[in-house]
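Data file: target.tsv. Format and content: TSV, C-alpha atoms.
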```
chain	number	residue	atom	x	y	z
F	1	MET	CA	-9.41	38.38	-19.60
F	2	THR	CA	-7.83	37.03	-16.48
F	3	ALA	CA	-4.44	38.64	-15.96
F	4	PHE	CA	-1.78	37.54	-13.53
F	5	SER	CA	-0.72	41.17	-13.22
F	6	THR	CA	-4.26	42.43	-12.64
F	7	PHE	CA	-5.08	39.84	-10.02
F	8	ALA	CA	-1.72	40.12	-8.32
F	9	ALA	CA	-3.24	42.68	-5.97
F	10	ALA	CA	-6.08	40.38	-4.92
F	11	PRO	CA	-6.03	40.07	-1.12
F	12	VAL	CA	-5.17	36.72	0.43
F	13	ALA	CA	-7.23	35.89	3.48
F	14	ALA	CA	-5.22	35.58	6.68
F	15	THR	CA	-1.89	36.13	4.95
F	16	PRO	CA	0.66	34.66	7.36
F	17	VAL	CA	3.86	36.27	8.49
F	18	LEU	CA	6.22	33.31	8.26
F	19	PRO	CA	9.16	32.83	10.62
F	20	ALA	CA	12.52	34.20	9.64
F	21	THR	CA	13.74	30.60	9.32
F	22	ALA	CA	11.99	30.33	5.93
F	23	ASN	CA	14.88	30.14	3.48
F	24	ASN	CA	16.09	28.73	0.19
F	25	ASN	CA	15.88	25.21	1.63
F	26	THR	CA	12.12	25.42	2.09
F	27	VAL	CA	9.96	22.43	1.14
F	28	VAL	CA	6.36	23.28	0.19
F	29	VAL	CA	3.74	20.60	1.01
F	30	LEU	CA	0.05	20.87	0.08
F	31	ASN	CA	-2.35	19.39	2.64
F	32	SER	CA	-5.40	18.92	0.43
F	33	ARG	CA	-7.95	17.93	3.10
F	34	ASP	CA	-6.87	20.62	5.54
F	35	ALA	CA	-6.74	23.39	2.91
F	36	THR	CA	-3.31	24.36	4.22
F	37	ILE	CA	0.30	24.54	3.15
F	38	THR	CA	3.09	23.28	5.40
F	39	LEU	CA	6.61	24.60	4.94
F	40	LEU	CA	9.52	22.37	6.01
F	41	ASP	CA	13.23	23.03	6.31
F	42	GLN	CA	15.00	20.71	3.90
F	43	THR	CA	18.15	20.59	6.03
F	44	THR	CA	16.75	20.15	9.54
F	45	TYR	CA	13.46	18.39	8.57
F	46	LYS	CA	11.66	20.77	10.95
F	47	GLU	CA	8.38	22.52	10.28
F	48	ILE	CA	8.75	26.22	9.49
F	49	GLY	CA	5.04	26.98	9.51
F	50	THR	CA	1.57	26.01	8.29
F	51	PHE	CA	-0.97	28.44	6.85
F	52	PRO	CA	-4.45	28.28	5.27
F	53	VAL	CA	-5.09	28.46	1.51
F	54	GLY	CA	-8.05	27.84	-0.80
F	55	LYS	CA	-9.92	24.55	-0.47
F	56	GLU	CA	-8.36	21.37	-1.85
F	57	PRO	CA	-4.87	22.42	-2.89
F	58	HIS	CA	-3.76	19.39	-4.92
F	59	HIS	CA	-1.06	20.30	-7.42
F	60	LEU	CA	1.61	22.96	-7.90
F	61	MET	CA	4.19	24.00	-10.46
F	62	PRO	CA	6.73	26.79	-11.04
F	63	THR	CA	6.01	29.53	-13.55
F	64	PRO	CA	8.06	29.34	-16.77
F	65	ASP	CA	10.46	32.03	-15.46
F	66	ASN	CA	10.83	30.18	-12.12
F	67	LYS	CA	10.05	33.37	-10.22
F	68	SER	CA	6.87	31.99	-8.67
F	69	LEU	CA	5.40	28.72	-7.53
F	70	ILE	CA	1.72	28.28	-8.47
F	71	VAL	CA	-0.51	26.38	-6.06
F	72	ALA	CA	-3.86	25.31	-7.55
F	73	ALA	CA	-6.78	25.22	-5.09
F	74	ALA	CA	-9.42	23.11	-6.85
F	75	THR	CA	-12.63	23.85	-4.94
F	76	GLY	CA	-11.18	27.19	-3.85
F	77	ASN	CA	-11.26	28.25	-7.53
F	78	SER	CA	-7.98	30.10	-7.22
F	79	LEU	CA	-4.25	30.07	-7.85
F	80	LEU	CA	-1.87	31.11	-5.11
F	81	PHE	CA	1.60	32.37	-6.03
F	82	LEU	CA	4.49	31.70	-3.65
F	83	ASP	CA	8.15	32.58	-3.66
F	84	PRO	CA	9.63	29.27	-4.89
F	85	LYS	CA	12.63	29.50	-2.57
F	86	SER	CA	11.04	30.57	0.71
F	87	GLY	CA	7.36	29.70	0.32
F	88	GLN	CA	6.33	33.28	1.16
F	89	ILE	CA	3.04	34.36	-0.44
F	90	GLN	CA	3.38	36.72	-3.41
F	91	ASN	CA	-0.18	37.08	-4.71
F	92	GLN	CA	-3.40	35.33	-5.62
F	93	VAL	CA	-5.40	34.84	-8.83
F	94	LYS	CA	-9.11	34.27	-8.34
F	95	ASP	CA	-11.81	32.95	-10.68
F	96	ILE	CA	-9.74	30.12	-12.13
F	97	VAL	CA	-12.48	27.50	-11.85
F	98	ASP	CA	-11.70	24.03	-10.45
F	99	PRO	CA	-7.94	23.93	-11.15
F	100	TYR	CA	-7.23	20.36	-10.03
F	101	GLN	CA	-4.12	20.01	-12.21
F	102	ILE	CA	-2.36	22.82	-14.09
F	103	GLY	CA	0.31	23.06	-16.75
F	104	PHE	CA	2.08	25.29	-19.27
F	105	SER	CA	2.81	24.07	-22.78
F	106	PRO	CA	6.54	23.83	-23.57
F	107	ASP	CA	6.37	26.93	-25.81
F	108	GLN	CA	4.64	28.79	-22.93
F	109	LYS	CA	1.79	29.94	-25.17
F	110	TRP	CA	-0.87	27.88	-23.41
F	111	PHE	CA	-1.95	27.30	-19.83
F	112	ILE	CA	-4.38	24.50	-19.00
F	113	ALA	CA	-6.43	23.94	-15.86
F	114	ASN	CA	-7.99	20.49	-15.57
F	115	GLY	CA	-11.40	20.63	-13.90
F	116	LEU	CA	-11.67	17.11	-12.47
F	117	ARG	CA	-14.98	17.60	-10.66
F	118	LEU	CA	-16.54	19.60	-13.54
F	119	ASP	CA	-15.52	17.24	-16.38
F	120	ARG	CA	-13.80	19.89	-18.47
F	121	ILE	CA	-10.52	21.63	-19.13
F	122	ASP	CA	-10.00	25.36	-19.45
F	123	ILE	CA	-7.44	26.37	-22.08
F	124	TYR	CA	-5.90	29.83	-21.67
F	125	GLY	CA	-3.68	31.74	-24.03
F	126	TYR	CA	-0.61	33.06	-22.21
F	127	ASP	CA	1.59	35.95	-23.33
F	128	GLY	CA	4.08	35.76	-20.48
F	129	LYS	CA	2.00	38.01	-18.25
F	130	ASN	CA	-1.71	37.64	-18.92
F	131	LEU	CA	-4.12	34.71	-19.21
F	132	LYS	CA	-7.01	34.84	-21.67
F	133	LEU	CA	-9.56	32.06	-21.75
F	134	ALA	CA	-9.50	30.51	-25.23
F	135	LYS	CA	-11.76	27.50	-24.73
F	136	ARG	CA	-13.75	25.71	-22.06
F	137	LEU	CA	-13.68	22.16	-23.38
F	138	PRO	CA	-15.93	19.40	-21.96
F	139	LEU	CA	-14.29	15.98	-21.62
F	140	PRO	CA	-15.92	12.63	-20.81
F	141	ALA	CA	-15.20	12.24	-17.10
F	142	MET	CA	-12.72	13.47	-14.49
F	143	PRO	CA	-9.83	15.03	-16.44
F	144	SER	CA	-6.85	14.47	-14.19
F	145	HIS	CA	-3.18	14.80	-15.23
F	146	MET	CA	-1.57	16.15	-18.41
F	147	ALA	CA	1.45	16.13	-20.68
F	148	PHE	CA	2.40	17.87	-23.94
F	149	THR	CA	4.20	17.11	-27.17
F	150	ALA	CA	7.59	18.79	-27.49
F	151	ASP	CA	6.26	21.14	-30.18
F	152	SER	CA	3.25	22.13	-28.02
F	153	SER	CA	0.78	21.05	-30.68
F	154	LEU	CA	-1.04	18.51	-28.49
F	155	ALA	CA	-2.00	18.22	-24.84
F	156	PHE	CA	-2.74	14.77	-23.44
F	157	ILE	CA	-5.28	14.49	-20.63
F	158	SER	CA	-5.96	11.38	-18.54
F	159	LEU	CA	-9.66	10.79	-17.86
F	160	GLN	CA	-10.07	8.93	-14.58
F	161	GLY	CA	-13.82	8.52	-14.87
F	162	SER	CA	-13.96	7.11	-18.40
F	163	ASP	CA	-10.66	5.15	-18.35
F	164	GLU	CA	-9.33	7.02	-21.37
F	165	LEU	CA	-6.57	9.29	-22.59
F	166	ALA	CA	-7.57	12.31	-24.68
F	167	ALA	CA	-5.42	14.23	-27.14
F	168	VAL	CA	-6.38	17.91	-27.49
F	169	ASP	CA	-5.24	19.99	-30.46
F	170	LEU	CA	-4.14	23.28	-28.93
F	171	ALA	CA	-4.39	25.26	-32.18
F	172	THR	CA	-8.07	24.38	-32.65
F	173	GLN	CA	-8.89	23.64	-28.96
F	174	LYS	CA	-10.68	20.46	-30.07
F	175	VAL	CA	-10.36	16.83	-29.04
F	176	LYS	CA	-8.32	15.03	-31.71
F	177	TRP	CA	-8.79	11.51	-30.33
F	178	THR	CA	-9.47	9.45	-27.24
F	179	ILE	CA	-8.31	5.90	-26.51
F	180	PRO	CA	-8.96	3.47	-23.65
F	181	VAL	CA	-5.85	2.96	-21.49
F	182	GLY	CA	-7.02	1.07	-18.39
F	183	LYS	CA	-8.98	1.64	-15.20
F	184	GLN	CA	-8.62	5.10	-13.63
F	185	PRO	CA	-5.63	6.53	-15.51
F	186	ALA	CA	-3.77	9.21	-13.57
F	187	GLY	CA	-0.22	10.52	-14.14
F	188	VAL	CA	0.93	11.20	-17.70
F	189	TYR	CA	4.58	11.58	-18.74
F	190	MET	CA	6.14	12.21	-22.16
F	191	THR	CA	9.47	10.44	-22.64
F	192	PRO	CA	12.41	12.78	-23.31
F	193	ASP	CA	12.65	11.60	-26.93
F	194	ASN	CA	8.99	12.62	-27.48
F	195	LYS	CA	8.25	9.06	-28.64
F	196	TYR	CA	6.03	7.55	-25.98
F	197	LEU	CA	3.50	8.60	-23.39
F	198	LEU	CA	3.57	6.81	-20.07
F	199	VAL	CA	0.29	6.63	-18.16
F	200	GLY	CA	-0.06	5.42	-14.57
F	201	VAL	CA	-3.11	3.15	-14.42
F	202	MET	CA	-4.28	3.78	-10.88
F	203	GLY	CA	-7.04	1.17	-10.96
F	204	SER	CA	-4.50	-1.52	-11.75
F	205	ASP	CA	-0.80	-2.29	-11.33
F	206	TYR	CA	0.94	-1.08	-14.45
F	207	VAL	CA	2.15	1.84	-16.51
F	208	ALA	CA	0.77	1.92	-20.05
F	209	VAL	CA	3.33	2.79	-22.75
F	210	ILE	CA	1.52	4.53	-25.58
F	211	ASP	CA	2.70	5.33	-29.09
F	212	TRP	CA	0.73	8.55	-29.31
F	213	ARG	CA	1.23	8.85	-33.08
F	214	THR	CA	-0.57	5.55	-33.72
F	215	GLN	CA	-2.78	5.78	-30.60
F	216	LYS	CA	-1.82	2.28	-29.47
F	217	ILE	CA	-0.63	0.76	-26.22
F	218	VAL	CA	2.67	-0.92	-27.13
F	219	LYS	CA	3.63	-2.17	-23.69
F	220	LYS	CA	2.51	-2.48	-20.07
F	221	ILE	CA	5.17	-2.07	-17.39
F	222	LYS	CA	4.11	-3.94	-14.25
F	223	THR	CA	4.70	-1.80	-11.17
F	224	GLY	CA	2.33	-2.03	-8.18
F	225	ASP	CA	-1.33	-1.57	-7.34
F	226	GLY	CA	-2.48	2.02	-7.71
F	227	ALA	CA	0.17	3.17	-10.22
F	228	HIS	CA	-0.32	6.89	-9.98
F	229	ASN	CA	2.21	9.65	-10.55
F	230	PHE	CA	5.65	10.26	-12.08
F	231	ARG	CA	8.86	12.12	-11.22
F	232	PRO	CA	12.11	11.89	-13.22
F	233	GLN	CA	15.37	11.48	-11.31
F	234	GLY	CA	16.92	14.20	-13.45
F	235	ASP	CA	19.51	12.00	-15.15
F	236	ASN	CA	17.59	11.63	-18.44
F	237	ARG	CA	17.41	7.90	-17.72
F	238	HIS	CA	15.36	7.01	-14.65
F	239	LEU	CA	11.75	7.75	-13.83
F	240	PHE	CA	9.89	7.11	-10.58
F	241	VAL	CA	6.25	6.00	-10.42
F	242	SER	CA	4.33	6.00	-7.13
F	243	ASN	CA	1.97	3.10	-6.43
F	244	ARG	CA	-0.56	4.39	-3.93
F	245	VAL	CA	-2.25	1.09	-3.04
F	246	ALA	CA	0.88	-1.07	-3.02
F	247	GLY	CA	2.82	1.44	-0.91
F	248	THR	CA	5.80	1.37	-3.22
F	249	ILE	CA	7.69	3.51	-5.73
F	250	ASN	CA	9.08	1.81	-8.83
F	251	VAL	CA	12.21	2.94	-10.66
F	252	LEU	CA	11.75	2.79	-14.44
F	253	ASP	CA	14.57	2.74	-16.99
F	254	LEU	CA	13.55	5.06	-19.84
F	255	ASN	CA	15.92	3.35	-22.29
F	256	THR	CA	14.49	-0.12	-21.82
F	257	LEU	CA	11.04	0.84	-20.49
F	258	GLU	CA	11.43	-1.72	-17.71
F	259	SER	CA	11.16	-1.54	-13.94
F	260	VAL	CA	14.64	-1.78	-12.42
F	261	GLY	CA	13.85	-1.42	-8.76
F	262	SER	CA	11.30	-0.71	-6.06
F	263	ILE	CA	11.24	1.39	-2.89
F	264	ALA	CA	8.90	0.63	0.02
F	265	VAL	CA	6.94	3.74	1.08
F	266	PRO	CA	3.74	2.90	3.01
F	267	GLY	CA	0.61	4.96	3.35
F	268	GLY	CA	-0.34	5.99	-0.18
F	269	PRO	CA	2.82	7.48	-1.74
F	270	ASP	CA	1.74	10.16	-4.19
F	271	CYS	CA	3.71	13.20	-5.37
F	272	MET	CA	7.51	13.17	-5.38
F	273	GLU	CA	10.30	15.74	-5.51
F	274	VAL	CA	14.00	15.05	-6.14
F	275	THR	CA	16.99	17.12	-5.04
F	276	ALA	CA	19.18	18.72	-7.70
F	277	ASP	CA	21.95	16.16	-7.18
F	278	GLY	CA	19.50	13.31	-7.78
F	279	LYS	CA	20.42	11.64	-4.48
F	280	THR	CA	17.39	12.30	-2.30
F	281	MET	CA	13.65	12.12	-2.90
F	282	TRP	CA	10.81	13.52	-0.81
F	283	VAL	CA	7.38	11.92	-1.17
F	284	THR	CA	3.94	12.74	0.24
F	285	GLN	CA	2.02	9.92	1.94
F	286	ARG	CA	-1.67	10.66	1.43
F	287	TRP	CA	-3.04	8.29	4.07
F	288	LEU	CA	-0.54	8.82	6.89
F	289	LYS	CA	-0.37	12.63	7.12
F	290	ARG	CA	3.36	12.68	6.60
F	291	VAL	CA	6.25	13.12	4.18
F	292	SER	CA	9.07	10.60	3.78
F	293	VAL	CA	12.63	11.38	2.75
F	294	ILE	CA	14.38	8.66	0.73
F	295	ASP	CA	18.08	8.06	0.13
F	296	LEU	CA	18.13	7.11	-3.56
F	297	THR	CA	21.49	5.38	-3.25
F	298	THR	CA	20.24	2.85	-0.71
F	299	ARG	CA	16.57	3.26	-1.76
F	300	LYS	CA	15.56	3.43	1.89
F	301	VAL	CA	13.40	5.88	3.86
F	302	ILE	CA	15.71	7.87	6.13
F	303	LYS	CA	13.23	10.30	7.69
F	304	THR	CA	9.48	10.77	8.16
F	305	ILE	CA	7.94	14.16	8.93
F	306	PRO	CA	4.34	14.82	10.09
F	307	VAL	CA	2.29	17.27	8.03
F	308	GLY	CA	-1.44	17.88	7.47
F	309	ARG	CA	-4.26	15.66	6.23
F	310	SER	CA	-3.96	14.10	2.77
F	311	PRO	CA	-0.66	15.69	1.72
F	312	HIS	CA	-0.51	15.85	-2.08
F	313	GLY	CA	1.77	18.20	-4.05
F	314	ILE	CA	5.36	18.82	-2.92
F	315	TYR	CA	8.09	21.16	-4.22
F	316	PHE	CA	11.45	22.71	-3.43
F	317	HIS	CA	13.58	25.10	-5.45
F	318	ASN	CA	16.86	23.16	-5.58
F	319	ARG	CA	15.26	20.37	-7.60
F	320	ALA	CA	16.35	17.93	-10.27
F	321	SER	CA	15.36	18.44	-13.89
F	322	GLU	CA	11.98	17.04	-14.93
F	323	VAL	CA	13.50	15.02	-17.79
```
Output the file's structure in the form of structure tokens.
Amino acid sequence: MTAFSTFAAAPVAATPVLPATANNNTVVVLNSRDATITLLDQTTYKEIGTFPVGKEPHHLMPTPDNKSLIVAAATGNSLLFLDPKSGQIQNQVKDIVDPYQIGFSPDQKWFIANGLRLDRIDIYGYDGKNLKLAKRLPLPAMPSHMAFTADSSLAFISLQGSDELAAVDLATQKVKWTIPVGKQPAGVYMTPDNKYLLVGVMGSDYVAVIDWRTQKIVKKIKTGDGAHNFRPQGDNRHLFVSNRVAGTINVLDLNTLESVGSIAVPGGPDCMEVTADGKTMWVTQRWLKRVSVIDLTTRKVIKTIPVGRSPHGIYFHNRASEV
């Protein structure tokens, strides 16, 4: 058994003492190639501090109670817990192997760590405090992003190496089906009505719309080369998709499943975060070592901020809903 409470006391190497300026406006940025986290002030756009973490921190997410922010260090084989408002380190969980992408099921009974380099996912039972490994499930190649059905019965995993999407039955911890979706699928998003899965096809220029009940692609939404990751605006209507190769972000209308706009963001736009009022978006630029701030009214970049190498995940506490 791996327990959050048990491993909470695990020491964190070189735990930093962050400046007093760390506050509730803190933006957390993961610099995957530097194995560091940069904290930015959301109001002044200034750097608060940068500190080392486990190797290859790629993705992050809040715990279900929103009391912690989990940072997954893939080759560091660990989870780091931060205060979601200030970015201060709380604790560390070791021996979570290759957590490239992580996620809780909507009912909070399951926690999944996608092992992209090891071609498997680890499914943990979660009781609100402790993690217990239920199944180590091999998958064809490079399990990347994930999404869940509203009832938490299925987890959907994009497989970058085999160009497929897999559906995993969480009750049995077995693969229910796999379907081809296009070259190098990445981000996966379940529409708020639980009807369709959207998959960013990174090796091409579209988002695949999948009827997951019939396992069929019903539509392809043309976006830009390198369609990669998703972030809702928080209005239950609009969804952003980053196109890493094209250097753009498309705005999708979830009612019509059409692209209704595009924002120019050069340098490999990747992960996105949206303010609670839905008016401003922050996006990491993987190839330029910086973060851009976008005014969503004008759809223009209003600020760029230098960070570390290959910035990936980004988060702040005063954020828009993920639907």
Neighbour list for Gly128 of chain F as JSON, numbers by chain, cut-off 9 Å, all atoms listed in the file, skip fewer than 4 positions in-chain | {"F": [64, 65, 108, 109]}
Measure the distance from atom CA of Thr63 of chain F to atom CA of Ser152 of chain F in Å and round it to one decimal.
->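 Distance between the two atoms: 16.5 Å.
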Quick one, how far is atom CA of Ile179 of chain F from atom CA of Asp163 of chain F?
->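 Between these atoms lies a distance of 8.5 Å.
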Around all the atoms of segment 113-132 of chain F listed in the file, draw an axis-aligned box and extend it by 4 Å on each of the six sides; I want its centre and edge lengths in Å to one decimal, as lines of an AutoDock Vina configuration file.
```
center_x = -6.2
center_y = 27.6
center_z = -17.3
size_x = 28.6
size_y = 28.9
size_z = 21.4
```
In Å, with one decimal, what is the gap from atom CA of Thr26 of chain F to atom CA of Val274 of chain F?
->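 Computing it gives 13.4 Å between the two atoms.
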Quick one: of F:Val245, F:Leu139, F:Trp110, F:Asp253, who's nearest to Tyr126 of chain F, counting only C-alpha atoms?
-> F:Trp110
May I have a table of the residues of segment 179-272 of chain F lying at most 12 Å from segment 94-102 of chain F, giving each one's closest pair of atoms and their distance in Å to one decimal, counting only C-alpha atoms, ordered by chain and ascending residue number, as a tab-separated table?
```
residue	atom	partner	partner_atom	distance
F:Ala186	CA	F:Gln101	CA	10.9
F:Gly187	CA	F:Gln101	CA	10.4
F:Val188	CA	F:Gln101	CA	11.5
```
If you count all atoms listed in the file, which residues fall within 8 Å of Tyr206 of chain F, apart from same-chain ones fewer than 5 positions away, as JSON, numbers by chain?
-> {"F": [200, 201, 220, 221, 222, 223, 224, 225, 227]}
Hey, what's within 10 Å of Gly308 of chain F if we count all atoms listed in the file and toss same-chain stuff fewer than 6 positions away? As a list in words, please?
-> Val29, Leu30, Asn31, Ser32, Arg33, Asp34, Ala35, Thr36, Ile37, Thr38, Thr50, Arg286, Leu288, Lys289, Arg290 and Val291 of chain F
